[in-house]
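What follows is start_14.txt (compact mmCIF, C-alpha atoms (C1' of nucleotides)).
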# COMPACT_ATOMS: atom_id res chain seq x y z
CA MET A 1 26.40 56.32 91.48
CA SER A 2 27.58 56.76 87.92
CA THR A 3 26.78 59.74 85.77
CA VAL A 4 24.41 59.22 82.87
CA TYR A 5 26.09 59.96 79.55
CA GLU A 6 23.89 60.94 76.64
CA GLU A 7 26.74 60.49 74.18
CA SER A 8 29.40 57.82 74.10
CA GLY A 9 32.89 57.69 72.67
CA ARG A 10 36.11 57.86 74.57
CA THR A 11 37.45 61.15 73.34
CA ARG A 12 34.11 62.77 74.05
CA GLN A 13 34.20 61.33 77.51
CA LYS A 14 37.37 63.23 78.26
CA ALA A 15 36.00 66.46 76.92
CA ARG A 16 32.83 65.98 78.91
CA THR A 17 34.61 65.33 82.18
CA ARG A 18 36.79 68.33 81.60
CA SER A 19 33.88 70.63 80.93
CA GLN A 20 32.00 69.21 83.90
CA LEU A 21 34.92 70.13 86.09
CA ILE A 22 35.08 73.62 84.65
CA ALA A 23 31.34 74.09 84.96
CA ALA A 24 31.43 72.90 88.54
CA THR A 25 34.27 75.28 89.30
CA ARG A 26 32.38 78.22 87.85
CA ALA A 27 29.29 77.26 89.77
CA LEU A 28 31.25 77.14 92.99
CA ILE A 29 32.77 80.53 92.28
CA ALA A 30 29.36 81.96 91.47
CA ALA A 31 28.11 80.45 94.74
CA GLY A 32 30.68 82.37 96.69
CA THR A 33 33.71 80.10 96.93
CA ALA A 34 36.44 82.44 95.79
CA SER A 35 38.99 79.76 94.96
CA PRO A 36 37.52 76.27 94.73
CA THR A 37 39.88 73.39 95.40
CA VAL A 38 40.45 70.71 92.80
CA GLU A 39 38.88 68.37 95.31
CA GLN A 40 35.81 70.57 95.74
CA ALA A 41 35.40 70.92 91.99
CA ALA A 42 35.75 67.18 91.56
CA GLU A 43 33.13 66.45 94.16
CA ALA A 44 30.77 69.02 92.68
CA ALA A 45 31.32 67.44 89.28
CA SER A 46 30.73 63.94 90.69
CA VAL A 47 34.15 62.66 89.75
CA SER A 48 36.93 61.49 91.99
CA ARG A 49 39.63 63.72 93.36
CA THR A 50 42.20 61.75 91.36
CA THR A 51 40.38 62.44 88.13
CA GLY A 52 40.21 66.10 88.99
CA TYR A 53 43.98 66.23 89.33
CA ARG A 54 44.34 64.27 86.11
CA TYR A 55 42.72 67.07 84.19
CA PHE A 56 44.07 70.00 86.14
CA PRO A 57 47.39 69.42 87.84
CA SER A 58 46.82 72.19 90.32
CA GLN A 59 44.20 74.48 91.74
CA LYS A 60 45.76 77.29 89.81
CA ALA A 61 45.40 75.47 86.50
CA LEU A 62 41.77 74.79 87.31
CA LEU A 63 41.03 78.39 88.10
CA ILE A 64 42.75 79.58 84.96
CA ALA A 65 40.74 77.14 82.88
CA ALA A 66 37.55 78.29 84.59
CA HIS A 67 38.26 81.93 83.81
CA PRO A 68 35.59 83.20 81.45
CA GLU A 69 36.84 83.88 77.97
CA ILE A 70 35.65 87.10 76.45
CA GLN A 71 36.07 86.93 72.72
CA THR A 72 34.25 90.04 71.67
CA SER A 73 36.41 91.74 69.07
CA SER A 74 34.88 95.12 69.79
CA LEU A 75 32.95 96.72 72.58
CA LEU A 76 31.03 98.98 70.24
CA PRO A 77 27.51 98.45 68.92
CA ASP A 78 26.86 98.06 65.21
CA GLU A 79 26.43 101.76 64.50
CA PRO A 80 28.82 103.50 66.82
CA GLY A 81 29.10 106.72 64.84
CA ASP A 82 32.26 108.72 64.31
CA ASP A 83 32.32 110.86 67.43
CA PRO A 84 35.26 109.60 69.47
CA VAL A 85 33.76 110.81 72.74
CA THR A 86 30.59 108.83 72.17
CA ARG A 87 32.51 105.79 71.01
CA LEU A 88 34.80 105.91 73.99
CA ASP A 89 31.89 106.40 76.36
CA LEU A 90 30.23 103.30 75.03
CA ALA A 91 33.39 101.25 75.10
CA ILE A 92 34.28 102.28 78.64
CA GLU A 93 30.79 101.72 79.91
CA THR A 94 30.63 98.29 78.34
CA PHE A 95 34.08 97.40 79.59
CA ILE A 96 33.31 98.42 83.15
CA GLY A 97 30.16 96.36 82.93
CA LEU A 98 32.18 93.33 81.88
CA VAL A 99 34.63 93.80 84.70
CA LEU A 100 31.92 94.22 87.32
CA GLU A 101 30.02 91.21 86.03
CA SER A 102 32.95 88.90 86.65
CA GLU A 103 34.62 90.82 89.41
CA GLY A 104 35.22 87.77 91.55
CA GLN A 105 36.99 85.91 88.80
CA GLN A 106 38.93 88.99 87.78
CA ARG A 107 40.19 89.31 91.33
CA THR A 108 41.16 85.67 91.36
CA MET A 109 43.12 86.03 88.14
CA LEU A 110 44.84 89.13 89.43
CA ARG A 111 45.81 87.28 92.56
CA LEU A 112 47.10 84.32 90.58
CA SER A 113 49.14 86.61 88.37
CA LEU A 114 50.76 88.05 91.49
CA GLU A 115 51.63 84.67 92.99
CA SER A 116 53.88 82.59 90.82
CA ASP A 117 56.13 81.39 89.37
CA ALA A 118 55.13 84.06 86.84
CA THR A 119 56.09 81.88 83.87
CA ASP A 120 52.54 80.61 83.33
CA LEU A 121 49.30 82.57 82.98
CA PRO A 122 48.18 82.31 79.37
CA LEU A 123 45.39 84.74 80.21
CA ARG A 124 45.55 88.39 81.04
CA GLN A 125 46.86 89.42 77.68
CA GLY A 126 45.45 92.87 77.43
CA ARG A 127 42.62 92.46 74.98
CA ALA A 128 41.09 95.63 76.32
CA ILE A 129 43.76 97.76 74.71
CA GLY A 130 42.61 96.66 71.29
CA TRP A 131 39.03 97.49 72.18
CA PHE A 132 39.89 101.01 73.22
CA VAL A 133 42.13 101.51 70.20
CA ASP A 134 39.12 100.53 68.16
CA ALA A 135 36.92 103.05 69.95
CA LEU A 136 39.48 105.78 69.39
CA ALA A 137 40.00 104.95 65.72
CA PRO A 138 38.40 108.22 64.46
CA LEU A 139 41.17 110.14 66.20
CA GLU A 140 43.96 108.34 64.40
CA PRO A 141 44.45 110.99 61.69
CA ARG A 142 44.91 113.65 64.36
CA LEU A 143 46.90 111.76 67.01
CA GLY A 144 48.73 109.06 65.14
CA LYS A 145 48.80 105.37 65.86
CA ALA A 146 51.34 105.49 68.67
CA ASN A 147 49.45 108.12 70.65
CA ILE A 148 46.16 106.29 70.21
CA HIS A 149 47.78 103.21 71.62
CA ARG A 150 49.21 105.10 74.55
CA LEU A 151 45.87 106.66 75.28
CA ALA A 152 44.17 103.28 75.14
CA VAL A 153 46.71 101.90 77.56
CA ALA A 154 46.13 104.81 79.93
CA ILE A 155 42.37 104.35 79.80
CA ARG A 156 42.56 100.63 80.45
CA SER A 157 44.91 101.33 83.32
CA ALA A 158 42.29 103.62 84.83
CA VAL A 159 39.22 101.41 84.51
CA GLY A 160 40.50 97.85 84.93
CA ILE A 161 40.14 95.41 87.78
CA GLU A 162 43.33 96.67 89.41
CA SER A 163 41.95 100.16 89.87
CA LEU A 164 38.58 98.78 90.87
CA VAL A 165 40.20 96.80 93.65
CA TRP A 166 41.84 99.88 95.05
CA LEU A 167 38.90 102.22 94.58
CA THR A 168 36.48 99.89 96.34
CA ASP A 169 38.69 98.19 98.93
CA ILE A 170 40.89 101.08 100.01
CA ALA A 171 39.25 104.29 98.89
CA GLY A 172 35.88 102.88 99.88
CA LEU A 173 34.00 103.95 96.78
CA SER A 174 30.86 102.10 95.79
CA ARG A 175 30.80 100.32 92.46
CA GLU A 176 28.02 102.56 91.19
CA VAL A 177 30.19 105.65 91.40
CA GLY A 178 32.55 104.27 88.83
CA VAL A 179 29.76 103.55 86.42
CA THR A 180 27.83 106.78 86.72
CA ARG A 181 30.88 108.89 86.18
CA PHE A 182 31.02 107.70 82.59
CA ASP A 183 27.33 108.06 81.97
CA GLY A 184 26.51 111.43 80.49
CA HIS A 185 27.90 113.28 83.45
CA PRO A 186 30.28 115.93 82.12
CA ARG A 187 33.81 114.69 82.66
CA SER A 188 35.45 116.73 85.35
CA GLY A 189 38.58 114.89 86.45
CA ALA A 190 39.00 111.19 86.80
CA SER A 191 38.51 110.20 83.19
CA ALA A 192 39.73 113.36 81.54
CA SER A 193 42.12 113.53 78.62
CA GLU A 194 39.80 113.32 75.64
CA GLY A 195 38.13 116.54 76.72
CA CYS A 196 41.38 118.48 76.73
CA PRO A 197 42.26 119.23 73.12
CA MET B 1 74.10 79.15 120.21
CA SER B 2 72.37 81.88 122.15
CA THR B 3 72.11 85.46 121.01
CA VAL B 4 74.07 88.01 122.94
CA TYR B 5 71.79 90.59 124.52
CA GLU B 6 73.21 93.98 125.29
CA GLU B 7 70.17 94.84 127.41
CA SER B 8 68.25 92.62 129.75
CA GLY B 9 64.69 92.64 131.03
CA ARG B 10 61.92 90.35 130.00
CA THR B 11 59.67 92.78 128.24
CA ARG B 12 62.59 94.04 126.20
CA GLN B 13 63.44 90.50 125.28
CA LYS B 14 60.07 90.08 123.63
CA ALA B 15 60.37 93.31 121.75
CA ARG B 16 63.83 92.36 120.61
CA THR B 17 62.85 88.95 119.35
CA ARG B 18 59.95 90.44 117.53
CA SER B 19 62.04 93.05 115.80
CA GLN B 20 64.68 90.47 114.97
CA LEU B 21 62.03 88.43 113.22
CA ILE B 22 60.78 91.44 111.32
CA ALA B 23 64.29 92.50 110.39
CA ALA B 24 65.09 89.00 109.21
CA THR B 25 61.92 88.93 107.14
CA ARG B 26 62.76 92.21 105.48
CA ALA B 27 66.28 91.04 104.80
CA LEU B 28 64.96 87.89 103.17
CA ILE B 29 62.57 89.89 101.04
CA ALA B 30 65.34 92.25 100.03
CA ALA B 31 67.44 89.22 99.17
CA GLY B 32 64.83 88.02 96.72
CA THR B 33 62.54 85.73 98.71
CA ALA B 34 59.18 87.17 97.81
CA SER B 35 57.25 85.62 100.71
CA PRO B 36 59.48 84.30 103.46
CA THR B 37 58.06 81.54 105.62
CA VAL B 38 57.73 81.95 109.36
CA GLU B 39 60.23 79.14 109.56
CA GLN B 40 62.69 80.87 107.23
CA ALA B 41 62.37 84.11 109.15
CA ALA B 42 62.89 82.28 112.42
CA GLU B 43 66.01 80.57 111.18
CA ALA B 44 67.39 83.82 109.78
CA ALA B 45 66.67 85.48 113.13
CA SER B 46 68.33 82.60 115.00
CA VAL B 47 65.22 81.67 116.92
CA SER B 48 63.23 78.49 116.79
CA ARG B 49 60.32 77.90 114.49
CA THR B 50 58.03 77.65 117.49
CA THR B 51 59.06 81.07 118.70
CA GLY B 52 58.46 82.46 115.25
CA TYR B 53 54.89 81.22 115.35
CA ARG B 54 54.52 82.57 118.86
CA TYR B 55 55.02 86.09 117.60
CA PHE B 56 53.32 85.79 114.24
CA PRO B 57 50.55 83.25 114.06
CA SER B 58 50.83 82.93 110.30
CA GLN B 59 53.02 83.75 107.38
CA LYS B 60 50.51 86.40 106.40
CA ALA B 61 50.77 88.12 109.78
CA LEU B 62 54.54 88.11 109.49
CA LEU B 63 54.50 89.66 106.05
CA ILE B 64 52.05 92.32 107.15
CA ALA B 65 54.23 93.18 110.11
CA ALA B 66 57.27 93.33 107.87
CA HIS B 67 55.58 95.74 105.50
CA PRO B 68 57.51 98.99 105.61
CA GLU B 69 55.65 101.76 107.33
CA ILE B 70 55.82 105.06 105.56
CA GLN B 71 54.97 107.75 108.03
CA THR B 72 55.81 110.78 106.02
CA SER B 73 52.96 113.20 106.57
CA SER B 74 53.64 114.97 103.31
CA LEU B 75 55.40 114.19 100.08
CA LEU B 76 56.34 117.81 99.52
CA PRO B 77 59.68 119.45 100.28
CA ASP B 78 59.93 122.27 102.77
CA GLU B 79 59.28 125.05 100.25
CA PRO B 80 56.81 123.62 97.81
CA GLY B 81 55.44 126.93 96.59
CA ASP B 82 51.83 127.62 95.76
CA ASP B 83 51.61 126.39 92.19
CA PRO B 84 49.38 123.32 92.31
CA VAL B 85 50.93 121.85 89.15
CA THR B 86 54.41 122.00 90.62
CA ARG B 87 53.23 120.66 93.94
CA LEU B 88 51.39 117.81 92.33
CA ASP B 89 54.35 117.04 90.10
CA LEU B 90 56.58 116.73 93.12
CA ALA B 91 54.11 114.67 95.07
CA ILE B 92 53.46 112.27 92.22
CA GLU B 93 57.11 111.87 91.41
CA THR B 94 57.96 111.20 95.04
CA PHE B 95 55.07 108.81 95.41
CA ILE B 96 56.01 106.82 92.33
CA GLY B 97 59.53 106.67 93.66
CA LEU B 98 58.26 105.22 96.93
CA VAL B 99 56.17 102.63 95.14
CA LEU B 100 59.00 101.57 92.86
CA GLU B 101 61.44 101.37 95.75
CA SER B 102 59.33 98.81 97.56
CA GLU B 103 57.60 97.29 94.58
CA GLY B 104 58.13 93.75 95.76
CA GLN B 105 56.54 94.37 99.11
CA GLN B 106 53.75 96.39 97.56
CA ARG B 107 52.94 93.46 95.32
CA THR B 108 52.98 91.11 98.29
CA MET B 109 50.58 93.32 100.21
CA LEU B 110 48.30 93.61 97.22
CA ARG B 111 48.27 89.84 96.88
CA LEU B 112 47.56 89.38 100.58
CA SER B 113 44.71 91.86 100.39
CA LEU B 114 43.20 89.82 97.56
CA GLU B 115 43.50 86.57 99.44
CA SER B 116 41.11 87.39 102.23
CA ASP B 117 39.61 86.17 104.59
CA ALA B 118 39.41 89.94 104.08
CA THR B 119 38.66 90.75 107.70
CA ASP B 120 42.29 91.43 108.55
CA LEU B 121 44.80 93.73 106.85
CA PRO B 122 45.38 96.68 109.11
CA LEU B 123 47.59 98.14 106.38
CA ARG B 124 46.63 99.51 103.01
CA GLN B 125 44.67 102.38 104.43
CA GLY B 126 45.12 104.90 101.70
CA ARG B 127 47.59 107.30 103.21
CA ALA B 128 48.41 108.47 99.70
CA ILE B 129 45.09 110.23 99.39
CA GLY B 130 46.05 112.59 102.20
CA TRP B 131 49.35 113.31 100.54
CA PHE B 132 47.73 114.28 97.27
CA VAL B 133 45.06 116.32 99.02
CA ASP B 134 47.93 118.16 100.65
CA ALA B 135 49.59 118.77 97.32
CA LEU B 136 46.34 120.08 95.87
CA ALA B 137 45.60 122.34 98.84
CA PRO B 138 46.09 125.59 96.89
CA LEU B 139 43.15 124.61 94.68
CA GLU B 140 40.74 124.24 97.55
CA PRO B 141 39.21 127.72 97.23
CA ARG B 142 38.44 127.03 93.58
CA LEU B 143 37.38 123.40 93.68
CA GLY B 144 36.10 122.80 97.17
CA LYS B 145 37.10 120.10 99.59
CA ALA B 146 35.03 117.32 98.11
CA ASN B 147 36.38 117.80 94.60
CA ILE B 148 39.94 117.98 95.86
CA HIS B 149 39.40 114.67 97.58
CA ARG B 150 37.90 113.08 94.50
CA LEU B 151 40.78 114.30 92.41
CA ALA B 152 43.29 112.93 94.89
CA VAL B 153 41.56 109.58 94.80
CA ALA B 154 41.65 109.56 91.01
CA ILE B 155 45.34 110.40 90.95
CA ARG B 156 46.21 107.72 93.47
CA SER B 157 44.19 105.27 91.47
CA ALA B 158 46.28 106.09 88.42
CA VAL B 159 49.75 105.90 89.93
CA GLY B 160 49.54 103.22 92.62
CA ILE B 161 50.89 99.70 92.72
CA GLU B 162 47.73 98.29 91.16
CA SER B 163 48.17 100.28 87.98
CA LEU B 164 51.89 99.60 88.00
CA VAL B 165 51.23 95.89 88.04
CA TRP B 166 49.04 96.10 85.00
CA LEU B 167 51.16 98.59 83.08
CA THR B 168 54.31 96.53 83.49
CA ASP B 169 53.00 92.95 83.53
CA ILE B 170 50.28 93.19 80.92
CA ALA B 171 50.85 96.30 78.87
CA GLY B 172 54.56 95.64 78.91
CA LEU B 173 55.66 99.16 79.73
CA SER B 174 59.03 99.73 81.37
CA ARG B 175 59.11 101.30 84.81
CA GLU B 176 61.00 104.31 83.46
CA VAL B 177 58.12 105.32 81.20
CA GLY B 178 55.90 105.94 84.17
CA VAL B 179 58.47 108.14 85.83
CA THR B 180 59.51 110.25 82.90
CA ARG B 181 55.97 111.14 82.00
CA PHE B 182 55.74 113.18 85.17
CA ASP B 183 59.11 114.78 84.78
CA GLY B 184 58.87 118.10 83.02
CA HIS B 185 57.35 116.54 79.94
CA PRO B 186 54.24 118.53 79.08
CA ARG B 187 51.21 116.53 80.13
CA SER B 188 49.44 115.29 77.06
CA GLY B 189 47.02 112.59 78.13
CA ALA B 190 47.59 109.97 80.75
CA SER B 191 47.88 112.23 83.75
CA ALA B 192 45.64 115.04 82.57
CA SER B 193 42.95 116.70 84.55
CA GLU B 194 44.81 119.46 86.31
CA GLY B 195 45.74 120.94 82.95
CA CYS B 196 42.16 121.21 81.80
CA PRO B 197 40.68 124.22 83.53
C1' DT C 1 69.79 81.08 147.68
C1' DC C 2 65.15 79.25 146.39
C1' DG C 3 60.94 79.13 144.00
C1' DT C 4 58.11 81.21 140.41
C1' DT C 5 57.44 83.36 136.28
C1' DT C 6 58.35 83.54 131.42
C1' DA C 7 60.59 83.24 126.93
C1' DT C 8 62.31 79.78 124.32
C1' DG C 9 63.20 75.08 122.14
C1' DG C 10 61.96 70.50 120.32
C1' DG C 11 59.04 67.24 118.71
C1' DA C 12 54.58 65.04 117.68
C1' DT C 13 50.45 66.06 115.22
C1' DT C 14 46.90 68.01 112.15
C1' DC C 15 45.39 69.69 107.74
C1' DA C 16 45.37 70.83 102.88
C1' DA C 17 47.57 70.44 98.43
C1' DG C 18 49.67 67.30 95.32
C1' DT C 19 51.84 62.93 93.71
C1' DC C 20 52.06 58.00 92.87
C1' DC C 21 50.60 53.41 92.24
C1' DC C 22 47.45 49.91 91.54
C1' DA C 23 42.83 48.18 90.81
C1' DT C 24 38.60 48.24 88.01
C1' DA C 25 35.04 49.13 84.92
C1' DA C 26 33.64 50.92 80.57
C1' DC C 27 34.71 51.14 75.83
C1' DG C 28 35.99 49.51 71.14
C1' DA C 29 38.10 46.36 67.70
C1' DC C 30 38.14 41.70 66.42
C1' DG D 1 31.97 37.13 73.52
C1' DT D 2 37.08 38.17 74.18
C1' DC D 3 40.89 41.03 74.77
C1' DG D 4 43.56 45.14 74.92
C1' DT D 5 42.96 50.01 75.62
C1' DT D 6 41.60 53.82 78.42
C1' DA D 7 39.16 56.69 81.76
C1' DT D 8 38.18 56.45 86.32
C1' DG D 9 38.45 55.35 91.40
C1' DG D 10 40.71 54.51 95.86
C1' DG D 11 44.19 54.88 98.90
C1' DA D 12 48.96 55.48 100.50
C1' DC D 13 52.43 58.83 100.59
C1' DT D 14 55.01 63.56 100.49
C1' DT D 15 55.44 68.30 101.58
C1' DG D 16 54.58 72.82 103.68
C1' DA D 17 51.90 75.52 106.87
C1' DA D 18 50.29 75.69 111.36
C1' DT D 19 48.91 73.86 116.23
C1' DC D 20 49.79 71.64 120.60
C1' DC D 21 52.26 69.92 124.43
C1' DC D 22 56.00 69.46 127.31
C1' DA D 23 60.70 70.41 128.70
C1' DT D 24 64.31 73.85 129.92
C1' DA D 25 66.93 77.72 131.01
C1' DA D 26 67.17 82.41 131.96
C1' DA D 27 65.15 86.27 134.52
C1' DC D 28 62.91 87.95 138.52
C1' DG D 29 61.27 88.62 143.45
C1' DA D 30 61.98 87.32 148.02
Translate this structure into structure tokens?
Amino acid sequence: MSTVYEESGRTRQKARTRSQLIAATRALIAAGTASPTVEQAAEAASVSRTTGYRYFPSQKALLIAAHPEIQTSSLLPDEPGDDPVTRLDLAIETFIGLVLESEGQQRTMLRLSLESDATDLPLRQGRAIGWFVDALAPLEPRLGKANIHRLAVAIRSAVGIESLVWLTDIAGLSREVGVTRFDGHPRSGASASEGCP
Amino acid sequence: MSTVYEESGRTRQKARTRSQLIAATRALIAAGTASPTVEQAAEAASVSRTTGYRYFPSQKALLIAAHPEIQTSSLLPDEPGDDPVTRLDLAIETFIGLVLESEGQQRTMLRLSLESDATDLPLRQGRAIGWFVDALAPLEPRLGKANIHRLAVAIRSAVGIESLVWLTDIAGLSREVGVTRFDGHPRSGASASEGCP
DNA sequence: TCGTTTATGGGATTCAAGTCCCATAACGAC
DNA sequence: GTCGTTATGGGACTTGAATCCCATAAACGA
């Protein structure tokens, strides 16, 4: 039972096998398997276990490779306006949406980052900070670059996967609560800080 | 090489072996072994591997049992006063101290809670919420019980191990930054919310 | 003291994750 | 087509976690 290749060429073959493995891994994750084995991914991709390990030397490497890349350079729409509150609202709402969309994978990456071995993990580099800095740009004349950055860090710290894990697993909040709080409802506590000055 | 028992009795024997295993596990963790094996704990406790597994059916169970219990019912000193800002300051500072003290174990528990088969984990029950509710008690006439609770949840979400992991590992902040921000420095952003009204 | 209970010890075994080695079939250059 | 290269496949092997079974020695009740 050999796979049918629509293109030939040896270098392409490698790329194809690799992407088949990644696609299979993502499919398994989407189907509910939190951390697919290299063997499971290989079987789902119709390649041998050995080949699976040839491309990804460990389960961890496979999961990292299967982690969805988000390369948006900004979370804002084309015409975000100059009001920092509106801009931040949009950015936070979009960001939370992204996190919730891939919650399973986010959890997996968080777990992997806690395991190790720490020296690896090319992912998890804090792209979100840049997005929030971008959203807060109109405030830069008033707050200065350093404060904007600190504020962005604080916001990301409040709305990322780490907080989501605690708020849902321990505090028992539903995922909807987190979203609606940033949705026109007048800020009263949790998000705070840009309403103060 | 048999251990010398200062007390006899069979039921006590079991309790003693169990606590020896837990003590050994904690010692190993304190000595730098992030996740001691049942076998390692057994050897350190001078009991056989089999006995180790008799008391803790898995490494996970051992680590959960070794997790330090914090049974303080309040994070406030004896005379906390009535000023909610002061009370909250004290509570947060103390809480952060607790988290930093046992950061390694906190990380381990967080990782275990992400590993699932989710159905276990008797720990991680959100005692901190009660502590912060306690600290905020003077505000109850003004805010009401439900809002106090929501505020406590938000605060815990901001200063717990999950946020610490991100702030240090990803954002690259030092652990001191988190402490000093709650230390007399006038709140400017990150903590917010009780300064607003 | 004797027999039973019970906590412990030791070793064989399973199971999953990874590694290694060798065989083979597809590809590409000639 | 032939031959060397290369991606793949299959299976044996290692290691760590965990289970099972049986033996033993100490504790207990009589």
* Tell me the residues of chain B close to chain C, meaning within 12 Å using all atoms listed in the file, as a PyMOL selection string. => chain B and resi 1-3+9-18+46-55
With a distance cut-off of 8 Å and all atoms listed in the file, select the neighbouring residues of Leu62 in chain A, excluding the residue or stretch itself and same-chain residues fewer than 5 positions from it, and output the selection as a compact mmCIF listing (two decimals) with C-alpha atoms, keeping the file's coordinate frame.
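See part29.txt below for the written result:
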# COMPACT_ATOMS: atom_id res chain seq x y z
CA ILE A 22 35.08 73.62 84.65
CA THR A 25 34.27 75.28 89.30
CA VAL A 38 40.45 70.71 92.80
CA PHE A 56 44.07 70.00 86.14
CA PRO A 57 47.39 69.42 87.84
* To do: For Ser74 in chain A, work out the shell of residues within 10 Å, counting all atoms listed in the file and skipping chain neighbours fewer than 2 positions away, then give it as a list in words.
  =>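 Counting only the stated atoms, we get Gln71, Thr72, Leu76, Pro77, Asp78, Ala91, Arg127, Ala128, Gly130, Trp131, Phe132, Val133, Asp134 and Ala135 of chain A.
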* Of the listed residues B:Glu39, B:Glu162, B:Gln20, B:Gly97, that which approaches chain D most closely, counting all atoms listed in the file ->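 For chain D, the nearest of the given residues is B:Glu39.
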* Asked: If you measure from CA of Leu110 in chain A to CA of Val165 in chain B, what distance in Å do you get, rounded to one decimal?
  -> 9.4 Å
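A straight line drawn from CA of Thr108 in chain A to CA of Ala44 in chain A is 19.7 Å long.
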Check every residue of chain D for an atom within 10 Å of chain A, counting all atoms listed in the file, and provide those that qualify as a PDB file with C-alpha atoms (C1' of nucleotides), keeping the file's coordinate frame.
ATOM      1  C1'  DT D   6      41.600  53.820  78.420  1.00  0.00           C
ATOM      2  C1'  DA D   7      39.160  56.690  81.760  1.00  0.00           C
ATOM      3  C1'  DT D   8      38.180  56.450  86.320  1.00  0.00           C
ATOM      4  C1'  DG D   9      38.450  55.350  91.400  1.00  0.00           C
ATOM      5  C1'  DG D  10      40.710  54.510  95.860  1.00  0.00           C
TER       6       DG D  10
END
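Taking CA of Ala146 in chain A and CA of Ile70 in chain A as endpoints, the distance between them is 25.4 Å.
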Assuming 4 Å of padding per side, give the centre and edge lengths of the axis-aligned box around every listed atom of range 10-29 of chain C, in Å to one decimal and as JSON.
{"center_x": 47.8, "center_y": 58.6, "center_z": 94.0, "size_x": 36.3, "size_y": 32.5, "size_z": 60.6}
* To do: Name the closest residue to chain B among the candidates A:Thr94, A:Ser102, A:Ser35, A:Ser58; distances are taken between atoms, counting only C-alpha atoms.
  =>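 Looking only at the distances to chain B, the closest residue turns out to be A:Ser35.
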